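Novice: Structure supplied as target_22.txt; contents: compact mmCIF, C-alpha atoms and all ligand atoms.
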```
# COMPACT_ATOMS: atom_id res chain seq x y z
CA MET O 1 16.95 2.45 14.22
CA LYS O 2 14.27 -0.23 13.68
CA ASP O 3 12.30 1.11 16.65
CA SER O 4 12.51 4.72 15.44
CA PRO O 5 9.21 6.17 14.23
CA ILE O 6 8.13 6.67 10.66
CA GLY O 7 7.49 10.36 10.00
CA VAL O 8 4.39 11.15 7.95
CA PHE O 9 3.40 14.66 6.95
CA ASP O 10 0.86 16.69 5.05
CA SER O 11 -0.39 20.26 4.85
CA GLY O 12 -3.35 19.24 7.03
CA ILE O 13 -5.43 16.20 7.85
CA GLY O 14 -5.33 14.61 4.37
CA GLY O 15 -2.24 12.60 5.19
CA LEU O 16 -4.28 10.75 7.82
CA THR O 17 -5.85 8.83 4.91
CA VAL O 18 -2.35 7.48 4.25
CA VAL O 19 -1.71 6.89 7.97
CA LYS O 20 -4.83 4.72 8.17
CA GLU O 21 -3.44 2.48 5.45
CA ILE O 22 0.07 2.46 6.97
CA ILE O 23 -1.45 1.24 10.26
CA ALA O 24 -3.30 -1.53 8.37
CA THR O 25 -0.15 -2.56 6.46
CA LEU O 26 2.48 -2.08 9.22
CA PRO O 27 0.51 -2.27 12.50
CA ASP O 28 3.55 -2.51 14.81
CA GLU O 29 5.42 0.53 13.53
CA ASN O 30 5.89 3.63 15.63
CA LEU O 31 4.57 6.72 13.86
CA ILE O 32 4.75 10.45 14.15
CA TYR O 33 2.32 12.46 12.05
CA LEU O 34 2.60 16.17 11.35
CA GLY O 35 -0.20 18.19 9.73
CA ASP O 36 0.34 21.90 9.11
CA THR O 37 -3.25 22.87 9.95
CA ALA O 38 -2.17 26.46 10.67
CA ARG O 39 -1.29 27.02 6.99
CA VAL O 40 -3.45 24.52 5.05
CA PRO O 41 -4.26 24.60 2.12
CA TYR O 42 -0.91 24.63 0.33
CA GLY O 43 -2.37 23.81 -3.09
CA ASN O 44 -3.01 27.39 -4.25
CA ARG O 45 0.40 28.69 -3.22
CA ASP O 46 3.55 29.26 -5.28
CA ARG O 47 6.07 26.45 -5.54
CA GLU O 48 8.71 28.37 -3.50
CA VAL O 49 6.29 28.89 -0.62
CA ILE O 50 5.21 25.23 -0.64
CA ALA O 51 8.89 24.17 -0.63
CA LYS O 52 9.70 26.50 2.28
CA PHE O 53 6.80 25.11 4.37
CA ALA O 54 7.58 21.51 3.37
CA LEU O 55 11.22 21.83 4.41
CA GLU O 56 10.12 23.18 7.80
CA LEU O 57 7.92 20.11 8.28
CA THR O 58 10.79 17.87 7.14
CA ARG O 59 13.22 19.44 9.65
CA PHE O 60 10.70 19.03 12.47
CA LEU O 61 10.31 15.31 11.75
CA LEU O 62 14.03 14.72 11.18
CA GLY O 63 14.52 16.29 14.64
CA LYS O 64 12.34 13.45 16.01
CA LYS O 65 14.87 10.92 14.65
CA VAL O 66 12.52 9.25 12.19
CA LYS O 67 13.78 6.26 10.19
CA ALA O 68 11.79 7.14 7.05
CA LEU O 69 9.69 10.05 5.83
CA VAL O 70 6.38 9.66 4.04
CA VAL O 71 5.32 12.78 2.16
CA ALA O 72 1.59 12.09 2.46
CA CYS O 73 0.71 15.08 0.31
CA ASN O 74 0.45 15.17 -3.47
CA THR O 75 1.04 18.93 -3.59
CA ILE O 76 4.36 18.65 -1.75
CA SER O 77 5.34 15.46 -3.62
CA ALA O 78 4.53 17.17 -6.95
CA THR O 79 6.44 20.38 -6.29
CA CYS O 80 9.45 19.78 -4.03
CA LEU O 81 10.15 16.09 -3.38
CA SER O 82 13.75 16.40 -4.63
CA GLU O 83 14.50 19.20 -2.13
CA ILE O 84 13.18 17.03 0.71
CA GLU O 85 15.26 14.09 -0.54
CA LYS O 86 18.36 16.30 -0.57
CA LEU O 87 17.79 17.35 3.05
CA SER O 88 16.89 13.93 4.40
CA PRO O 89 19.44 11.33 5.49
CA VAL O 90 16.59 8.76 5.73
CA PRO O 91 14.48 7.29 2.88
CA VAL O 92 11.73 9.58 1.55
CA ILE O 93 8.56 8.10 0.08
CA GLY O 94 6.37 10.37 -2.04
CA VAL O 95 2.81 9.54 -3.06
CA ILE O 96 2.85 10.11 -6.80
CA LYS O 97 4.89 7.25 -8.27
CA PRO O 98 3.13 4.49 -6.29
CA THR O 99 -0.29 5.96 -7.18
CA VAL O 100 0.56 6.18 -10.88
CA THR O 101 1.81 2.58 -10.93
CA LYS O 102 -1.52 1.38 -9.55
CA ALA O 103 -3.65 3.50 -11.92
CA VAL O 104 -1.69 2.39 -14.98
CA GLU O 105 -2.20 -1.25 -13.95
CA MET O 106 -5.93 -0.65 -13.51
CA THR O 107 -7.00 1.16 -16.66
CA ARG O 108 -8.55 -0.87 -19.46
CA THR O 109 -9.77 1.96 -21.70
CA GLY O 110 -6.34 3.67 -21.66
CA LYS O 111 -7.91 6.89 -20.41
CA ILE O 112 -7.06 8.06 -16.90
CA GLY O 113 -8.53 11.08 -15.12
CA VAL O 114 -6.54 12.99 -12.50
CA ILE O 115 -7.88 15.45 -9.94
CA GLY O 116 -5.73 17.39 -7.51
CA THR O 117 -4.88 20.80 -6.15
CA ARG O 118 -3.89 23.61 -8.54
CA ALA O 119 -0.21 23.17 -7.67
CA THR O 120 -0.34 19.42 -8.38
CA ILE O 121 -2.24 19.76 -11.66
CA ASN O 122 -0.12 22.72 -12.84
CA SER O 123 3.06 20.74 -12.14
CA GLN O 124 1.92 18.20 -14.80
CA VAL O 125 3.71 15.57 -12.74
CA TYR O 126 0.91 12.99 -13.05
CA GLU O 127 0.81 13.30 -16.82
CA ARG O 128 4.62 12.96 -17.01
CA GLU O 129 4.75 9.92 -14.73
CA ILE O 130 1.85 8.20 -16.51
CA HIS O 131 3.47 8.79 -19.90
CA ALA O 132 6.82 7.57 -18.58
CA LYS O 133 5.08 4.24 -17.98
CA ASN O 134 3.04 4.19 -21.17
CA GLY O 135 3.10 6.98 -23.73
CA GLU O 136 -0.16 5.77 -25.34
CA LEU O 137 -2.31 6.51 -22.31
CA GLN O 138 -4.61 9.52 -22.42
CA VAL O 139 -4.71 11.76 -19.35
CA ILE O 140 -7.51 14.20 -18.52
CA GLN O 141 -6.81 16.49 -15.57
CA GLN O 142 -8.84 18.83 -13.41
CA ALA O 143 -7.83 21.02 -10.48
CA CYS O 144 -10.39 21.00 -7.63
CA PRO O 145 -9.15 23.76 -5.27
CA LEU O 146 -12.25 23.86 -3.06
CA PHE O 147 -12.12 20.17 -2.17
CA VAL O 148 -9.38 20.58 0.48
CA PRO O 149 -11.24 23.22 2.56
CA LEU O 150 -14.42 21.11 2.27
CA ALA O 151 -12.59 18.06 3.60
CA GLU O 152 -10.88 20.05 6.38
CA GLU O 153 -14.31 21.38 7.42
CA GLY O 154 -15.82 17.89 7.41
CA PHE O 155 -18.29 18.91 4.66
CA VAL O 156 -18.08 15.42 3.19
CA ASP O 157 -21.75 14.99 2.28
CA HIS O 158 -23.02 18.54 2.35
CA PRO O 159 -25.29 19.66 -0.56
CA ALA O 160 -22.88 22.56 -1.25
CA ALA O 161 -20.05 20.06 -1.61
CA LYS O 162 -22.15 18.08 -4.09
CA LEU O 163 -22.73 21.15 -6.28
CA ILE O 164 -19.01 21.90 -6.29
CA ALA O 165 -18.18 18.29 -7.15
CA GLN O 166 -20.69 18.35 -10.03
CA GLU O 167 -19.06 21.49 -11.40
CA TYR O 168 -15.47 20.23 -11.16
CA LEU O 169 -16.11 16.71 -12.35
CA SER O 170 -18.41 17.54 -15.29
CA ARG O 171 -15.47 17.33 -17.69
CA PHE O 172 -15.24 13.59 -17.00
CA LYS O 173 -18.83 12.96 -18.18
CA ASN O 174 -18.76 10.64 -21.20
CA SER O 175 -14.99 11.18 -21.44
CA GLY O 176 -14.22 7.46 -21.60
CA ILE O 177 -12.00 7.43 -18.50
CA ASP O 178 -12.36 4.24 -16.48
CA THR O 179 -9.92 5.22 -13.72
CA LEU O 180 -9.78 8.45 -11.73
CA ILE O 181 -6.72 9.28 -9.62
CA LEU O 182 -7.61 11.15 -6.44
CA GLY O 183 -4.36 13.12 -6.63
CA CYS O 184 -4.72 14.73 -3.22
CA THR O 185 -4.64 12.88 0.09
CA HIS O 186 -7.64 14.87 1.33
CA TYR O 187 -9.92 13.57 -1.41
CA PRO O 188 -10.58 10.06 0.00
CA LEU O 189 -12.59 11.91 2.67
CA LEU O 190 -14.91 12.94 -0.19
CA LYS O 191 -14.84 9.58 -1.95
CA GLU O 192 -18.55 8.81 -1.71
CA LEU O 193 -19.46 12.29 -2.90
CA ILE O 194 -17.04 12.08 -5.84
CA ARG O 195 -18.36 8.65 -6.78
CA SER O 196 -21.95 9.93 -6.67
CA VAL O 197 -21.38 12.48 -9.44
CA LEU O 198 -19.24 10.35 -11.78
CA ASP O 199 -20.42 8.02 -14.56
CA ASP O 200 -20.99 4.47 -13.30
CA GLY O 201 -18.07 2.07 -13.40
CA ILE O 202 -15.22 4.58 -12.97
CA LYS O 203 -12.69 3.19 -10.49
CA LEU O 204 -11.11 5.55 -7.98
CA VAL O 205 -7.42 5.26 -7.09
CA ASP O 206 -6.05 7.13 -4.12
CA SER O 207 -2.54 7.46 -2.71
CA ALA O 208 -3.09 5.63 0.58
CA GLU O 209 -2.73 1.94 -0.21
CA PRO O 210 0.00 2.14 -2.90
CA THR O 211 2.06 4.48 -0.69
CA ALA O 212 1.76 2.21 2.35
CA GLU O 213 2.88 -0.75 0.18
CA GLU O 214 5.83 1.27 -1.15
CA LEU O 215 6.80 2.23 2.41
CA LYS O 216 6.73 -1.44 3.42
CA LYS O 217 9.03 -2.35 0.51
CA VAL O 218 11.48 0.44 1.36
CA LEU O 219 11.62 -0.63 5.03
CA GLU O 220 12.12 -4.27 4.04
CA VAL O 221 14.92 -3.45 1.60
CA GLY O 222 16.62 -1.22 4.20
CA ASP O 223 16.16 -3.87 6.94
CA LEU O 224 14.21 -1.26 8.92
CA ILE O 225 11.05 -3.19 9.84
CA LYS O 226 10.33 -2.93 13.57
CA THR O 227 10.37 -6.32 15.25
CA SER O 228 8.84 -5.55 18.67
CA LEU O 229 5.09 -5.24 19.20
CA GLU O 230 3.02 -2.29 20.52
CA ALA O 231 3.13 0.73 18.33
CA LYS O 232 3.49 4.27 19.70
CA ARG O 233 1.69 6.81 17.56
CA VAL O 234 1.97 10.55 17.99
CA PHE O 235 -0.15 13.01 15.99
CA CYS O 236 0.90 16.64 15.77
CA VAL O 237 -0.78 19.62 14.17
CA THR O 238 0.24 23.27 14.06
CA ASP O 239 -3.21 24.63 14.97
CA ALA O 240 -6.65 23.78 16.34
CA PRO O 241 -6.24 20.14 17.49
CA GLU O 242 -9.86 19.94 18.80
CA ARG O 243 -11.34 20.92 15.45
CA VAL O 244 -8.96 18.59 13.62
CA LEU O 245 -9.94 15.72 15.90
CA GLN O 246 -13.62 16.23 15.08
CA THR O 247 -13.02 15.89 11.34
CA ALA O 248 -10.44 13.13 11.72
CA ASN O 249 -12.95 11.15 13.74
CA ILE O 250 -15.38 11.11 10.81
CA PHE O 251 -12.72 9.28 8.90
CA PHE O 252 -11.55 7.00 11.73
CA GLU O 253 -15.14 6.14 12.73
CA ASN O 254 -14.66 7.79 16.14
CA LYS O 255 -11.60 5.66 16.92
CA PHE O 256 -8.78 8.09 16.34
CA PRO O 257 -5.63 6.00 16.84
CA GLY O 258 -3.72 8.24 19.24
CA LYS O 259 -3.45 11.63 20.89
CA LEU O 260 -3.45 14.89 18.97
CA GLU O 261 -0.95 17.54 20.10
CA LYS O 262 -0.40 21.11 19.01
CA VAL O 263 3.23 21.84 18.14
CA SER O 264 5.26 24.80 17.00
CA LEU O 265 7.65 24.46 14.07
CA GLU O 266 9.90 27.21 15.34
CA VAL O 267 13.42 26.06 16.10
CA GLY O 268 15.00 27.03 19.41
N1 LIG F 301 -3.36 16.67 1.07
C1 LIG F 301 -2.73 17.63 0.19
C2 LIG F 301 -2.46 16.98 -1.15
O1 LIG F 301 -2.37 15.76 -1.19
C3 LIG F 301 -3.58 18.87 0.20
C4 LIG F 301 -2.95 20.03 -0.40
C5 LIG F 301 -3.35 21.40 0.11
O2 LIG F 301 -3.01 21.70 1.24
O3 LIG F 301 -3.92 22.16 -0.68
O4 LIG F 301 -2.30 17.61 -2.18
```
Any chance you could put this one into structure tokens?
Ligand code: DGL

Specialist:
Amino acid sequence: MKDSPIGVFDSGIGGLTVVKEIIATLPDENLIYLGDTARVPYGNRDREVIAKFALELTRFLLGKKVKALVVACNTISATCLSEIEKLSPVPVIGVIKPTVTKAVEMTRTGKIGVIGTRATINSQVYEREIHAKNGELQVIQQACPLFVPLAEEGFVDHPAAKLIAQEYLSRFKNSGIDTLILGCTHYPLLKELIRSVLDDGIKLVDSAEPTAEELKKVLEVGDLIKTSLEAKRVFCVTDAPERVLQTANIFFENKFPGKLEKVSLEVG
């Protein structure tokens, strides 16, 4: 079991931002990544559709005998984590709780901004989790539905992307937030752009590092840490691996840590 891979999944390439941090935190672990690039983005879809897709991704990874599942997608974590937990015999790590814990520790003004897909923002899950930790904190939220396609296209510093960021993030101007949660695993790809349109001094929190730390804790508690060296990493997408590799390479500075394969989710 210790040598079994960790399964990580997302609607597309966003979960690779979490993978990068998992590799830094747990460099010897075997990994299998699954990005549903054929159907991304999920964030504008109904909850039932997101759950159906997410359970297909879960079944695929469980079929690969993973020892833990990381739901490296805020949209899936926000809408159907409990259904995935019900299906999975192995530990499931979502991105929201670890991200909230970090943001709540970081804020000094008591005002936290949250950006995410429509499904994540409409679920109100960030507000609920932040208030579960501290009911006094103020939460200002904004859905940014065009950010995922921009990230998938690699439009990370395009002037059009800047205009869109200015439009979405204008509500945070002089709002008093000192911490902004990037509540979508695609958004770290747009970090510099997002920073460039925000007031100075606002700290950005994304899901990658807190989720990797949470995964490490869960593996330690379950005595599941791999002891041998040399990690095997497999990266699967449901469509267009060449295009995905191009964008992923922007983020991995042309050192993508494995091979990218196209897979089908159909059973049988
Ligand atoms: N990376 C996903 C998230 O964290 C993107 C969602 C989408 O596909 O719209 O929310």

Novice: So, counting all atoms listed in the file, which residue among O:Phe256, O:Tyr33, O:Phe147, O:Phe60 is closest to Ala160 of chain O?

Specialist: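 Ranked by minimum distance to Ala160 of chain O, first place goes to O:Phe147.
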
Novice: Could you list, as a compact mmCIF listing (two decimals) with C-alpha atoms, in the coordinates of the input, all residues that come within 6 Å of ligand LIG 301 (chain F)? Count all atoms listed in the file.

Specialist:
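File written: selection_39.txt
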```txt
# COMPACT_ATOMS: atom_id res chain seq x y z
CA ASP O 10 0.86 16.69 5.05
CA SER O 11 -0.39 20.26 4.85
CA GLY O 14 -5.33 14.61 4.37
CA GLY O 15 -2.24 12.60 5.19
CA VAL O 40 -3.45 24.52 5.05
CA PRO O 41 -4.26 24.60 2.12
CA TYR O 42 -0.91 24.63 0.33
CA GLY O 43 -2.37 23.81 -3.09
CA CYS O 73 0.71 15.08 0.31
CA ASN O 74 0.45 15.17 -3.47
CA THR O 75 1.04 18.93 -3.59
CA THR O 117 -4.88 20.80 -6.15
CA VAL O 148 -9.38 20.58 0.48
CA CYS O 184 -4.72 14.73 -3.22
CA THR O 185 -4.64 12.88 0.09
CA HIS O 186 -7.64 14.87 1.33
```

Novice: What is the distance, in Å and to one decimal place, between atom CA of Ile177 of chain O and atom CA of Ala103 of chain O?

Specialist: 11.3 Å

Novice: Of the candidates O:Lys52, O:Arg171, O:Leu69, O:Leu182, which one gets nearest to Val114 of chain O if we count all atoms listed in the file?

Specialist: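 Checking each candidate against Val114 of chain O, we get O:Leu182 as the closest.
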
Novice: Please compute the atom CA of Leu229 of chain O-atom CA of Pro241 of chain O distance, one decimal, in Å.

Specialist: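 These two atoms are separated by 27.8 Å.
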
Novice: Excluding Ala151 of chain O and its own-chain neighbours fewer than 5 positions away, which residues fall within 8 Å of it when counting all atoms listed in the file? Please give them as a tab-separated table (two decimals) with C-alpha atoms, in the frame of the given file.

Specialist:
```tsv
chain	number	residue	atom	x	y	z
O	156	VAL	CA	-18.08	15.42	3.19
O	186	HIS	CA	-7.64	14.87	1.33
O	187	TYR	CA	-9.92	13.57	-1.41
O	189	LEU	CA	-12.59	11.91	2.67
O	190	LEU	CA	-14.91	12.94	-0.19
```

Novice: Considering only C-alpha atoms, return as a CSV table (one decimal) with C-alpha atoms, in the coordinates of the input whatever protein or nucleic-acid residues lie within 6 Å of segment 87-98 of chain O, sequence-local ones (same chain, fewer than 6 positions apart) excluded.

Specialist:
```
chain,number,residue,atom,x,y,z
O,67,LYS,CA,13.8,6.3,10.2
O,68,ALA,CA,11.8,7.1,7.0
O,69,LEU,CA,9.7,10.0,5.8
O,70,VAL,CA,6.4,9.7,4.0
O,71,VAL,CA,5.3,12.8,2.2
O,77,SER,CA,5.3,15.5,-3.6
O,207,SER,CA,-2.5,7.5,-2.7
O,210,PRO,CA,0.0,2.1,-2.9
O,211,THR,CA,2.1,4.5,-0.7
```

Novice: Which is closest to Arg47 of chain O among O:His131, O:Lys173, O:Arg195, O:Arg118, if we use only C-alpha atoms?

Specialist: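 Result for the nearest residue to Arg47 of chain O: O:Arg118.
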
Novice: Is it possible to get the residues within 8 Å of (-4.9, 14.9, 16.1) (coordinates as in the file, counting all atoms listed in the file) written as a PyMOL selection string?

Specialist: chain O and resi 235-237+241-242+244-245+248+256+258-261

Novice: Ranking O:Gln138, O:Thr79, O:Asn254, O:Ser264 by minimum distance to Ala38 of chain O and counting all atoms listed in the file, which one comes first?

Specialist: O:Ser264

Novice: Closest to Glu129 of chain O among O:Cys144, O:Ile6, O:Leu16, O:Val100, using only C-alpha atoms?

Specialist: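 Looking only at the distances to Glu129 of chain O, the closest residue turns out to be O:Val100.
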
Novice: Could you work out an axis-aligned box for segment 203-213 of chain O, taking every atom the file lists and adding 4 Å on each side, and report centre and edge lengths in Å to one decimal, as lines of an AutoDock Vina configuration file?

Specialist:
```
center_x = -4.9
center_y = 3.4
center_z = -4.1
size_x = 23.6
size_y = 16.2
size_z = 20.8
```

Novice: Just checking: using all atoms listed in the file, which residue out of O:Ile250, O:Val234, O:Leu204, O:Val66 ends up closest to Asp157 of chain O?

Specialist: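 Between O:Ile250, O:Val234, O:Leu204, O:Val66, the residue approaching Asp157 of chain O most closely is O:Ile250.
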
Novice: For a test of reading the model, state the distance in Å between atom CA of Ala54 of chain O and atom CA of Glu29 of chain O, rounded to one decimal.

Specialist: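 If I compute the distance from atom CA of Ala54 of chain O to atom CA of Glu29 of chain O, I get 23.4 Å.
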
Novice: Please provide the set of residues having any atom within 9 Å of Pro5 of chain O, restricted to only C-alpha atoms, with same-chain residues fewer than 2 positions apart removed, written as a list in words.

Specialist: Met1, Lys2, Asp3, Gly7, Glu29, Asn30, Leu31, Ile32, Lys64, Lys65, Val66, Lys67, Ala68, Lys232 and Arg233 of chain O

Novice: Do you know which residues are at most 6 Å from segment 165-167 of chain O counting all atoms listed in the file, after dropping those on the same chain fewer than 3 positions away, and could you put them as a ChimeraX atom specification?

Specialist: /O:162,170,197

Novice: With C-alpha atoms kept, could you save the residues just selected as a compact mmCIF listing (two decimals), in the frame of the given file?

Specialist:
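To be explicit, this is the file written out as result09.txt:
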```
# COMPACT_ATOMS: atom_id res chain seq x y z
CA LYS O 162 -22.15 18.08 -4.09
CA SER O 170 -18.41 17.54 -15.29
CA VAL O 197 -21.38 12.48 -9.44
```

Novice: With the input short on atoms, add N, CA and C atoms back to segment 163-195 of chain O and write it as a short mmCIF file (atom, residue, chain, number, x, y, z; two decimals), keeping the file's coordinate frame.

Specialist:
```cif
data_model
loop_
_atom_site.label_atom_id
_atom_site.label_comp_id
_atom_site.auth_asym_id
_atom_site.auth_seq_id
_atom_site.Cartn_x
_atom_site.Cartn_y
_atom_site.Cartn_z
N LEU O 163 -22.69 20.20 -5.15
CA LEU O 163 -22.73 21.15 -6.28
C LEU O 163 -21.33 21.43 -6.83
N ILE O 164 -20.40 21.62 -5.88
CA ILE O 164 -19.01 21.90 -6.29
C ILE O 164 -18.43 20.69 -7.03
N ALA O 165 -18.70 19.51 -6.50
CA ALA O 165 -18.18 18.29 -7.15
C ALA O 165 -18.77 18.14 -8.56
N GLN O 166 -20.06 18.45 -8.70
CA GLN O 166 -20.69 18.35 -10.03
C GLN O 166 -20.01 19.29 -11.02
N GLU O 167 -19.71 20.49 -10.55
CA GLU O 167 -19.06 21.49 -11.40
C GLU O 167 -17.65 21.02 -11.82
N TYR O 168 -16.85 20.62 -10.85
CA TYR O 168 -15.47 20.23 -11.16
C TYR O 168 -15.40 18.97 -12.03
N LEU O 169 -16.29 18.03 -11.73
CA LEU O 169 -16.11 16.71 -12.35
C LEU O 169 -16.90 16.56 -13.65
N SER O 170 -17.59 17.64 -14.08
CA SER O 170 -18.41 17.54 -15.29
C SER O 170 -17.55 17.21 -16.52
N ARG O 171 -16.29 17.62 -16.51
CA ARG O 171 -15.47 17.33 -17.69
C ARG O 171 -15.19 15.83 -17.89
N PHE O 172 -15.45 15.04 -16.85
CA PHE O 172 -15.24 13.59 -17.00
C PHE O 172 -16.47 12.86 -17.54
N LYS O 173 -17.60 13.59 -17.66
CA LYS O 173 -18.83 12.96 -18.18
C LYS O 173 -18.58 12.47 -19.60
N ASN O 174 -18.92 11.24 -19.87
CA ASN O 174 -18.76 10.64 -21.20
C ASN O 174 -17.36 10.85 -21.80
N SER O 175 -16.36 10.94 -20.93
CA SER O 175 -14.99 11.18 -21.44
C SER O 175 -14.28 9.88 -21.79
N GLY O 176 -14.84 8.76 -21.33
CA GLY O 176 -14.22 7.46 -21.60
C GLY O 176 -13.18 7.04 -20.57
N ILE O 177 -12.95 7.89 -19.54
CA ILE O 177 -12.00 7.43 -18.50
C ILE O 177 -12.65 6.27 -17.73
N ASP O 178 -11.82 5.31 -17.34
CA ASP O 178 -12.36 4.24 -16.48
C ASP O 178 -11.68 4.26 -15.11
N THR O 179 -10.69 5.16 -14.96
CA THR O 179 -9.92 5.22 -13.72
C THR O 179 -9.72 6.70 -13.38
N LEU O 180 -9.99 7.06 -12.15
CA LEU O 180 -9.78 8.45 -11.73
C LEU O 180 -8.82 8.46 -10.54
N ILE O 181 -7.69 9.14 -10.72
CA ILE O 181 -6.72 9.28 -9.62
C ILE O 181 -7.16 10.42 -8.71
N LEU O 182 -7.35 10.11 -7.43
CA LEU O 182 -7.61 11.15 -6.44
C LEU O 182 -6.22 11.67 -6.03
N GLY O 183 -5.74 12.66 -6.78
CA GLY O 183 -4.36 13.12 -6.63
C GLY O 183 -4.20 14.14 -5.52
N CYS O 184 -4.85 13.90 -4.42
CA CYS O 184 -4.72 14.73 -3.22
C CYS O 184 -5.15 13.84 -2.06
N THR O 185 -4.35 13.82 -1.00
CA THR O 185 -4.64 12.88 0.09
C THR O 185 -5.87 13.29 0.91
N HIS O 186 -6.38 14.50 0.69
CA HIS O 186 -7.64 14.87 1.33
C HIS O 186 -8.85 14.23 0.65
N TYR O 187 -8.73 13.94 -0.63
CA TYR O 187 -9.92 13.57 -1.41
C TYR O 187 -10.59 12.25 -1.00
N PRO O 188 -9.86 11.27 -0.45
CA PRO O 188 -10.58 10.06 0.00
C PRO O 188 -11.68 10.39 1.03
N LEU O 189 -11.52 11.52 1.74
CA LEU O 189 -12.59 11.91 2.67
C LEU O 189 -13.88 12.24 1.92
N LEU O 190 -13.74 12.58 0.63
CA LEU O 190 -14.91 12.94 -0.19
C LEU O 190 -15.24 11.85 -1.21
N LYS O 191 -14.72 10.66 -0.97
CA LYS O 191 -14.84 9.58 -1.95
C LYS O 191 -16.29 9.29 -2.37
N GLU O 192 -17.15 9.17 -1.38
CA GLU O 192 -18.55 8.81 -1.71
C GLU O 192 -19.20 9.91 -2.54
N LEU O 193 -18.92 11.15 -2.17
CA LEU O 193 -19.46 12.29 -2.90
C LEU O 193 -18.94 12.29 -4.34
N ILE O 194 -17.65 12.09 -4.50
CA ILE O 194 -17.04 12.08 -5.84
C ILE O 194 -17.66 10.96 -6.68
N ARG O 195 -17.77 9.79 -6.07
CA ARG O 195 -18.36 8.65 -6.78
C ARG O 195 -19.79 8.97 -7.23
#
```
